[in-house]
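For reference, my_file-v4.txt is printed below; it contains compact mmCIF, N, CA and C atoms.
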```
# COMPACT_ATOMS: atom_id res chain seq x y z
N MET A 1 6.97 37.03 9.70
CA MET A 1 7.62 35.84 9.20
C MET A 1 7.37 35.74 7.70
N ALA A 2 8.39 35.50 6.95
CA ALA A 2 8.28 35.44 5.49
C ALA A 2 7.66 34.13 5.05
N ASP A 3 6.82 34.19 4.02
CA ASP A 3 6.26 32.97 3.46
C ASP A 3 7.33 32.21 2.70
N ILE A 4 7.30 30.90 2.80
CA ILE A 4 8.25 30.07 2.07
C ILE A 4 7.64 29.77 0.71
N LEU A 5 8.39 30.05 -0.32
CA LEU A 5 7.92 29.74 -1.67
C LEU A 5 8.11 28.25 -1.92
N CYS A 6 7.20 27.67 -2.66
CA CYS A 6 7.29 26.24 -2.93
C CYS A 6 8.57 25.87 -3.65
N GLY A 7 9.14 26.76 -4.45
CA GLY A 7 10.38 26.47 -5.15
C GLY A 7 11.57 26.34 -4.21
N GLU A 8 11.51 27.00 -3.05
CA GLU A 8 12.59 26.93 -2.08
C GLU A 8 12.41 25.78 -1.10
N ASP A 9 11.20 25.31 -0.94
CA ASP A 9 10.88 24.28 0.03
C ASP A 9 11.13 22.90 -0.59
N PRO A 10 11.83 21.98 0.11
CA PRO A 10 12.05 20.66 -0.47
C PRO A 10 10.77 19.87 -0.69
N GLU A 11 9.73 20.16 0.11
CA GLU A 11 8.43 19.55 -0.10
C GLU A 11 7.40 20.67 -0.19
N PRO A 12 6.46 20.58 -1.09
CA PRO A 12 5.47 21.65 -1.22
C PRO A 12 4.70 21.86 0.08
N SER A 13 4.32 23.11 0.35
CA SER A 13 3.59 23.45 1.56
C SER A 13 2.17 22.91 1.53
N GLU A 14 1.58 22.81 0.36
CA GLU A 14 0.21 22.34 0.23
C GLU A 14 0.21 20.92 -0.33
N ARG A 15 -0.78 20.14 0.13
CA ARG A 15 -0.94 18.79 -0.40
C ARG A 15 -1.78 18.87 -1.67
N PHE A 16 -1.31 18.25 -2.73
CA PHE A 16 -2.07 18.18 -3.96
C PHE A 16 -2.42 16.72 -4.20
N PRO A 17 -3.69 16.38 -4.39
CA PRO A 17 -4.05 14.99 -4.63
C PRO A 17 -3.32 14.44 -5.86
N ALA A 18 -2.79 13.25 -5.72
CA ALA A 18 -2.06 12.61 -6.81
C ALA A 18 -3.01 11.89 -7.76
N GLY A 19 -4.28 11.78 -7.42
CA GLY A 19 -5.23 11.06 -8.25
C GLY A 19 -5.25 9.59 -7.90
N PRO A 20 -5.87 8.75 -8.74
CA PRO A 20 -5.94 7.32 -8.45
C PRO A 20 -4.53 6.72 -8.43
N LEU A 21 -4.26 5.92 -7.41
CA LEU A 21 -2.94 5.32 -7.26
C LEU A 21 -3.06 3.80 -7.24
N PHE A 22 -1.99 3.14 -7.64
CA PHE A 22 -1.86 1.70 -7.51
C PHE A 22 -1.16 1.47 -6.17
N VAL A 23 -1.89 0.94 -5.19
CA VAL A 23 -1.39 0.81 -3.82
C VAL A 23 -1.04 -0.66 -3.56
N PRO A 24 0.22 -0.94 -3.18
CA PRO A 24 0.60 -2.32 -2.86
C PRO A 24 -0.14 -2.82 -1.63
N VAL A 25 -0.63 -4.05 -1.69
CA VAL A 25 -1.37 -4.65 -0.59
C VAL A 25 -0.82 -6.03 -0.29
N ARG A 26 -1.20 -6.51 0.88
CA ARG A 26 -0.88 -7.88 1.29
C ARG A 26 -2.14 -8.47 1.90
N PRO A 27 -2.22 -9.82 1.98
CA PRO A 27 -3.40 -10.43 2.60
C PRO A 27 -3.43 -10.11 4.09
N GLY A 28 -4.61 -9.86 4.60
CA GLY A 28 -4.79 -9.59 6.02
C GLY A 28 -5.91 -10.45 6.58
N PRO A 29 -6.21 -10.32 7.85
CA PRO A 29 -7.24 -11.16 8.46
C PRO A 29 -8.64 -10.93 7.90
N SER A 30 -8.91 -9.75 7.36
CA SER A 30 -10.24 -9.44 6.84
C SER A 30 -10.23 -9.11 5.36
N GLY A 31 -9.20 -9.47 4.64
CA GLY A 31 -9.09 -9.15 3.22
C GLY A 31 -7.75 -8.52 2.93
N CYS A 32 -7.75 -7.46 2.13
CA CYS A 32 -6.51 -6.78 1.76
C CYS A 32 -6.11 -5.74 2.79
N VAL A 33 -4.80 -5.59 2.98
CA VAL A 33 -4.25 -4.59 3.88
C VAL A 33 -3.18 -3.83 3.12
N ALA A 34 -3.22 -2.50 3.19
CA ALA A 34 -2.20 -1.69 2.51
C ALA A 34 -0.83 -1.96 3.13
N ARG A 35 0.17 -2.16 2.29
CA ARG A 35 1.53 -2.33 2.80
C ARG A 35 2.07 -0.98 3.24
N ILE A 36 2.74 -0.97 4.37
CA ILE A 36 3.35 0.24 4.90
C ILE A 36 4.86 0.09 4.76
N PHE A 37 5.51 1.13 4.30
CA PHE A 37 6.95 1.11 4.08
C PHE A 37 7.63 2.08 5.03
N ARG A 38 8.94 2.12 5.01
CA ARG A 38 9.72 3.07 5.81
C ARG A 38 10.54 3.94 4.87
N THR A 39 10.69 5.21 5.25
CA THR A 39 11.54 6.13 4.50
C THR A 39 12.99 5.82 4.85
N PRO A 40 13.96 6.38 4.12
CA PRO A 40 15.37 6.16 4.47
C PRO A 40 15.70 6.61 5.90
N LEU A 41 14.92 7.52 6.46
CA LEU A 41 15.16 7.97 7.84
C LEU A 41 14.42 7.11 8.87
N GLY A 42 13.64 6.13 8.41
CA GLY A 42 12.96 5.21 9.31
C GLY A 42 11.52 5.55 9.63
N ASP A 43 10.99 6.64 9.08
CA ASP A 43 9.59 7.00 9.32
C ASP A 43 8.68 6.11 8.49
N ARG A 44 7.50 5.78 9.02
CA ARG A 44 6.55 4.97 8.27
C ARG A 44 5.83 5.83 7.25
N THR A 45 5.56 5.24 6.07
CA THR A 45 4.89 5.95 5.00
C THR A 45 4.01 5.00 4.20
N ALA A 46 2.88 5.51 3.73
CA ALA A 46 2.07 4.77 2.78
C ALA A 46 2.67 5.02 1.40
N VAL A 47 2.51 4.08 0.49
CA VAL A 47 3.11 4.20 -0.83
C VAL A 47 2.05 3.97 -1.90
N GLY A 48 2.11 4.78 -2.95
CA GLY A 48 1.24 4.62 -4.10
C GLY A 48 2.01 4.89 -5.37
N PHE A 49 1.59 4.26 -6.45
CA PHE A 49 2.24 4.44 -7.75
C PHE A 49 1.22 4.99 -8.74
N THR A 50 1.69 5.84 -9.63
CA THR A 50 0.79 6.45 -10.61
C THR A 50 0.50 5.54 -11.79
N SER A 51 1.27 4.45 -11.94
CA SER A 51 1.01 3.49 -13.03
C SER A 51 1.35 2.08 -12.56
N GLU A 52 0.70 1.11 -13.17
CA GLU A 52 0.98 -0.28 -12.85
C GLU A 52 2.41 -0.64 -13.23
N SER A 53 2.90 -0.11 -14.35
CA SER A 53 4.26 -0.43 -14.78
C SER A 53 5.30 0.10 -13.79
N SER A 54 5.04 1.24 -13.18
CA SER A 54 5.94 1.79 -12.16
C SER A 54 5.95 0.90 -10.92
N LEU A 55 4.79 0.41 -10.51
CA LEU A 55 4.71 -0.50 -9.37
C LEU A 55 5.48 -1.78 -9.65
N ILE A 56 5.27 -2.36 -10.83
CA ILE A 56 5.95 -3.61 -11.19
C ILE A 56 7.46 -3.41 -11.27
N ALA A 57 7.90 -2.28 -11.83
CA ALA A 57 9.33 -2.02 -11.94
C ALA A 57 9.99 -1.89 -10.57
N THR A 58 9.26 -1.40 -9.58
CA THR A 58 9.82 -1.19 -8.25
C THR A 58 9.66 -2.39 -7.34
N LEU A 59 8.47 -3.02 -7.34
CA LEU A 59 8.18 -4.09 -6.38
C LEU A 59 8.10 -5.48 -6.99
N GLY A 60 8.10 -5.57 -8.31
CA GLY A 60 8.06 -6.86 -8.97
C GLY A 60 6.67 -7.23 -9.44
N PRO A 61 6.59 -8.16 -10.39
CA PRO A 61 5.30 -8.52 -10.98
C PRO A 61 4.38 -9.30 -10.05
N GLU A 62 4.91 -9.89 -8.98
CA GLU A 62 4.08 -10.68 -8.07
C GLU A 62 3.37 -9.84 -7.01
N GLN A 63 3.66 -8.54 -6.95
CA GLN A 63 3.05 -7.68 -5.93
C GLN A 63 1.58 -7.42 -6.24
N ALA A 64 0.70 -7.76 -5.30
CA ALA A 64 -0.74 -7.48 -5.45
C ALA A 64 -0.97 -5.99 -5.18
N TRP A 65 -2.02 -5.43 -5.79
CA TRP A 65 -2.31 -4.01 -5.63
C TRP A 65 -3.80 -3.76 -5.75
N ILE A 66 -4.23 -2.60 -5.26
CA ILE A 66 -5.59 -2.13 -5.47
C ILE A 66 -5.51 -0.66 -5.87
N ARG A 67 -6.60 -0.12 -6.41
CA ARG A 67 -6.65 1.30 -6.78
C ARG A 67 -7.26 2.09 -5.64
N PHE A 68 -6.60 3.17 -5.27
CA PHE A 68 -7.08 4.07 -4.23
C PHE A 68 -6.81 5.49 -4.67
N ALA A 69 -7.71 6.39 -4.35
CA ALA A 69 -7.42 7.81 -4.53
C ALA A 69 -6.47 8.22 -3.41
N GLU A 70 -5.61 9.18 -3.68
CA GLU A 70 -4.62 9.61 -2.69
C GLU A 70 -5.26 10.10 -1.39
N PRO A 71 -6.35 10.88 -1.43
CA PRO A 71 -6.98 11.27 -0.16
C PRO A 71 -7.53 10.07 0.64
N ALA A 72 -8.03 9.06 -0.06
CA ALA A 72 -8.53 7.86 0.61
C ALA A 72 -7.39 7.09 1.27
N LEU A 73 -6.24 7.02 0.61
CA LEU A 73 -5.08 6.35 1.19
C LEU A 73 -4.61 7.09 2.45
N ARG A 74 -4.62 8.41 2.40
CA ARG A 74 -4.26 9.21 3.59
C ARG A 74 -5.24 8.95 4.74
N ALA A 75 -6.53 8.94 4.42
CA ALA A 75 -7.56 8.71 5.43
C ALA A 75 -7.43 7.31 6.04
N LEU A 76 -7.02 6.34 5.24
CA LEU A 76 -6.85 4.97 5.71
C LEU A 76 -5.68 4.84 6.67
N THR A 77 -4.60 5.56 6.41
CA THR A 77 -3.38 5.38 7.20
C THR A 77 -3.22 6.39 8.34
N GLU A 78 -3.95 7.48 8.32
CA GLU A 78 -3.82 8.48 9.40
C GLU A 78 -4.15 7.92 10.78
N PRO A 79 -5.17 7.06 10.96
CA PRO A 79 -5.42 6.49 12.29
C PRO A 79 -4.24 5.65 12.81
N LEU A 80 -3.39 5.20 11.92
CA LEU A 80 -2.21 4.43 12.33
C LEU A 80 -1.02 5.32 12.66
N GLY A 81 -1.22 6.63 12.58
CA GLY A 81 -0.14 7.57 12.86
C GLY A 81 0.76 7.82 11.67
N ILE A 82 0.30 7.47 10.48
CA ILE A 82 1.09 7.65 9.26
C ILE A 82 0.51 8.83 8.50
N ALA A 83 1.27 9.92 8.45
CA ALA A 83 0.79 11.14 7.81
C ALA A 83 1.41 11.35 6.43
N THR A 84 2.35 10.51 6.03
CA THR A 84 3.07 10.70 4.78
C THR A 84 2.63 9.67 3.74
N VAL A 85 2.42 10.14 2.52
CA VAL A 85 2.18 9.26 1.37
C VAL A 85 3.31 9.51 0.39
N THR A 86 4.05 8.47 0.05
CA THR A 86 5.12 8.58 -0.93
C THR A 86 4.59 8.09 -2.27
N VAL A 87 4.68 8.94 -3.28
CA VAL A 87 4.18 8.60 -4.61
C VAL A 87 5.36 8.29 -5.52
N ASP A 88 5.28 7.15 -6.20
CA ASP A 88 6.31 6.69 -7.14
C ASP A 88 7.72 6.67 -6.54
N PRO A 89 7.94 5.89 -5.47
CA PRO A 89 9.32 5.77 -4.97
C PRO A 89 10.18 5.09 -6.02
N GLN A 90 11.44 5.45 -6.06
CA GLN A 90 12.34 4.94 -7.10
C GLN A 90 12.93 3.58 -6.77
N PHE A 91 13.05 3.25 -5.49
CA PHE A 91 13.62 1.96 -5.12
C PHE A 91 13.07 1.55 -3.77
N THR A 92 13.17 0.24 -3.48
CA THR A 92 12.79 -0.28 -2.17
C THR A 92 13.79 -1.34 -1.77
N ALA A 93 13.87 -1.62 -0.50
CA ALA A 93 14.74 -2.69 -0.01
C ALA A 93 14.07 -4.02 -0.26
N ARG A 94 14.86 -5.05 -0.39
CA ARG A 94 14.32 -6.40 -0.57
C ARG A 94 13.63 -6.84 0.72
N PRO A 95 12.60 -7.69 0.62
CA PRO A 95 11.95 -8.17 1.84
C PRO A 95 12.92 -9.00 2.68
N ALA A 96 12.76 -8.95 4.00
CA ALA A 96 13.64 -9.68 4.90
C ALA A 96 13.35 -11.18 4.90
N SER A 97 12.10 -11.56 4.67
CA SER A 97 11.73 -12.97 4.69
C SER A 97 11.80 -13.55 3.27
N PRO A 98 11.87 -14.88 3.16
CA PRO A 98 11.90 -15.49 1.82
C PRO A 98 10.64 -15.15 1.04
N ALA A 99 10.78 -15.09 -0.25
CA ALA A 99 9.65 -14.72 -1.13
C ALA A 99 8.57 -15.78 -1.07
N ARG A 100 7.33 -15.33 -1.16
CA ARG A 100 6.20 -16.24 -1.23
C ARG A 100 6.04 -16.71 -2.68
N PRO A 101 5.24 -17.75 -2.91
CA PRO A 101 5.01 -18.17 -4.29
C PRO A 101 4.47 -17.02 -5.14
N ALA A 102 4.90 -16.97 -6.38
CA ALA A 102 4.52 -15.86 -7.27
C ALA A 102 3.01 -15.87 -7.52
N ARG A 103 2.45 -14.67 -7.63
CA ARG A 103 1.05 -14.48 -7.97
C ARG A 103 0.99 -13.75 -9.30
N ALA A 104 -0.17 -13.81 -9.93
CA ALA A 104 -0.35 -13.08 -11.18
C ALA A 104 -0.24 -11.58 -10.92
N ALA A 105 0.32 -10.84 -11.86
CA ALA A 105 0.57 -9.41 -11.66
C ALA A 105 -0.71 -8.63 -11.42
N ARG A 106 -1.77 -8.93 -12.12
CA ARG A 106 -3.00 -8.14 -11.99
C ARG A 106 -3.95 -8.74 -10.98
N ARG A 107 -3.60 -9.84 -10.36
CA ARG A 107 -4.49 -10.49 -9.41
C ARG A 107 -4.65 -9.62 -8.17
N ALA A 108 -5.87 -9.36 -7.82
CA ALA A 108 -6.13 -8.57 -6.63
C ALA A 108 -6.00 -9.45 -5.40
N CYS A 109 -5.80 -8.82 -4.27
CA CYS A 109 -5.72 -9.53 -3.01
C CYS A 109 -7.05 -10.24 -2.77
N PRO A 110 -7.03 -11.53 -2.44
CA PRO A 110 -8.31 -12.22 -2.25
C PRO A 110 -9.06 -11.66 -1.05
N VAL A 111 -10.35 -11.49 -1.23
CA VAL A 111 -11.18 -10.98 -0.15
C VAL A 111 -11.80 -12.16 0.57
N ARG A 112 -11.59 -12.22 1.87
CA ARG A 112 -12.14 -13.30 2.67
C ARG A 112 -13.24 -12.73 3.55
N PRO A 113 -14.33 -13.51 3.79
CA PRO A 113 -15.36 -13.02 4.69
C PRO A 113 -14.81 -12.90 6.10
N VAL A 114 -15.31 -11.92 6.84
CA VAL A 114 -14.85 -11.69 8.20
C VAL A 114 -15.19 -12.89 9.08
N ASN A 115 -16.41 -13.39 9.00
CA ASN A 115 -16.84 -14.55 9.77
C ASN A 115 -17.28 -15.64 8.79
N PRO A 116 -16.35 -16.46 8.31
CA PRO A 116 -16.74 -17.47 7.33
C PRO A 116 -17.70 -18.49 7.95
N VAL A 117 -18.61 -18.99 7.14
CA VAL A 117 -19.55 -19.99 7.58
C VAL A 117 -18.86 -21.34 7.53
N VAL A 118 -18.85 -22.05 8.64
CA VAL A 118 -18.22 -23.36 8.72
C VAL A 118 -19.32 -24.38 8.92
N PRO A 119 -19.37 -25.43 8.06
CA PRO A 119 -20.42 -26.41 8.20
C PRO A 119 -20.27 -27.19 9.52
N ALA A 120 -21.40 -27.58 10.12
CA ALA A 120 -21.37 -28.35 11.35
C ALA A 120 -20.85 -29.74 11.05
N PRO A 121 -20.16 -30.37 12.02
CA PRO A 121 -19.66 -31.72 11.78
C PRO A 121 -20.81 -32.71 11.63
N ALA A 122 -20.58 -33.73 10.83
CA ALA A 122 -21.60 -34.76 10.61
C ALA A 122 -21.81 -35.56 11.90
N PRO A 123 -23.06 -35.91 12.20
CA PRO A 123 -23.30 -36.70 13.42
C PRO A 123 -22.66 -38.07 13.32
N ARG A 124 -22.12 -38.52 14.44
CA ARG A 124 -21.49 -39.84 14.47
C ARG A 124 -22.55 -40.90 14.68
N VAL A 125 -22.48 -41.93 13.89
CA VAL A 125 -23.45 -43.03 14.00
C VAL A 125 -22.73 -44.21 14.63
N GLY A 126 -23.31 -44.73 15.71
CA GLY A 126 -22.97 -45.87 16.45
C GLY A 126 -21.75 -46.46 16.67
```
File written out as structure tokens:
Amino acid sequence: MADILCGEDPEPSERFPAGPLFVPVRPGPSGCVARIFRTPLGDRTAVGFTSESSLIATLGPEQAWIRFAEPALRALTEPLGIATVTVDPQFTARPASPARPARAARRACPVRPVNPVVPAPAPRVG
């Protein structure tokens, strides 16, 4: 069987780390959760951008993000059955639900404690 040259293959045969990426996130029950997108064919994919300006141009200034290395993003999404990482997608579909209130562009996703401490109710007097 002949080896496929990378120039003939639409996707390279070997994975090359993209380096630190700006990964879009959303609030989750335990802090930040990486947003998962779909390819034009409907497959799920993790997404990362090589620059903040690229992320803002594609997803808007209100999109929260965190920095992840490409191998770490793959390791995070592989247990979910997502083997593809798309770097610097050129366009995305608009969200189906109404937009949430705008957030600052550089604001990170707020981290919430897993088990927040709740004060006991005050004793009732007579």
Exercise for the section: Go through A:Phe91, A:Val23, A:Ala83, A:Gly60 and flag the residue nearest Gly48 in chain A, using only N, CA and C atoms for the distances. Expected result: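 Between A:Phe91, A:Val23, A:Ala83, A:Gly60, the residue approaching Gly48 in chain A most closely is A:Val23.
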Practice task
Have a look at A:Ser30, A:Val125, A:Glu62, A:Asp88 and name the one nearest to Val47 in chain A; count only N, CA and C atoms.
Solution key: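 When distances to Val47 in chain A are compared using only N, CA and C atoms, the smallest one comes from A:Asp88.
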Practice task
Within 12 Å of Thr84 in chain A, counting only C-alpha atoms, which residues show up once you throw out same-chain ones fewer than 4 positions away? Write them as a PyMOL selection string, please.
Solution key: chain A and resi 11+15+36-39+43-48+70-71+73-78+80
Problem - d(CA of Arg26 in chain A, atom C of Ile66 in chain A) in Å - result: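 Atom C of Ile66 in chain A lies at a distance of 11.2 Å from CA of Arg26 in chain A.
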Handout entry: For atom N of Gly81 in chain A and atom N of Arg67 in chain A, the interatomic separation in Å (one decimal)
Key =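 Separation of atom N of Gly81 in chain A and atom N of Arg67 in chain A: 20.9 Å.
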Fill in the blank from the handout: The residue from A:Phe22, A:Phe68, A:Arg124, A:Pro27 with the smallest atom-to-atom distance to Ser54 in chain A, counting only C-alpha atoms, is A:Phe22
Completion exercise
Counting only C-alpha atoms, closest pick from A:Cys32, A:Thr58, A:Pro20, A:Glu52 relative to Ala72 in chain A is A:Pro20
Practice task
Write out as a ChimeraX atom specification all residues of range 34-100 of chain A that backbone DSSP assigns to strand (DSSP E or B).
Solution key: /A:34,36-38,44-49,65-69,85-87
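For the pair CA of Gly19 in chain A and CA of Ser53 in chain A, the separation is 16.3 Å.
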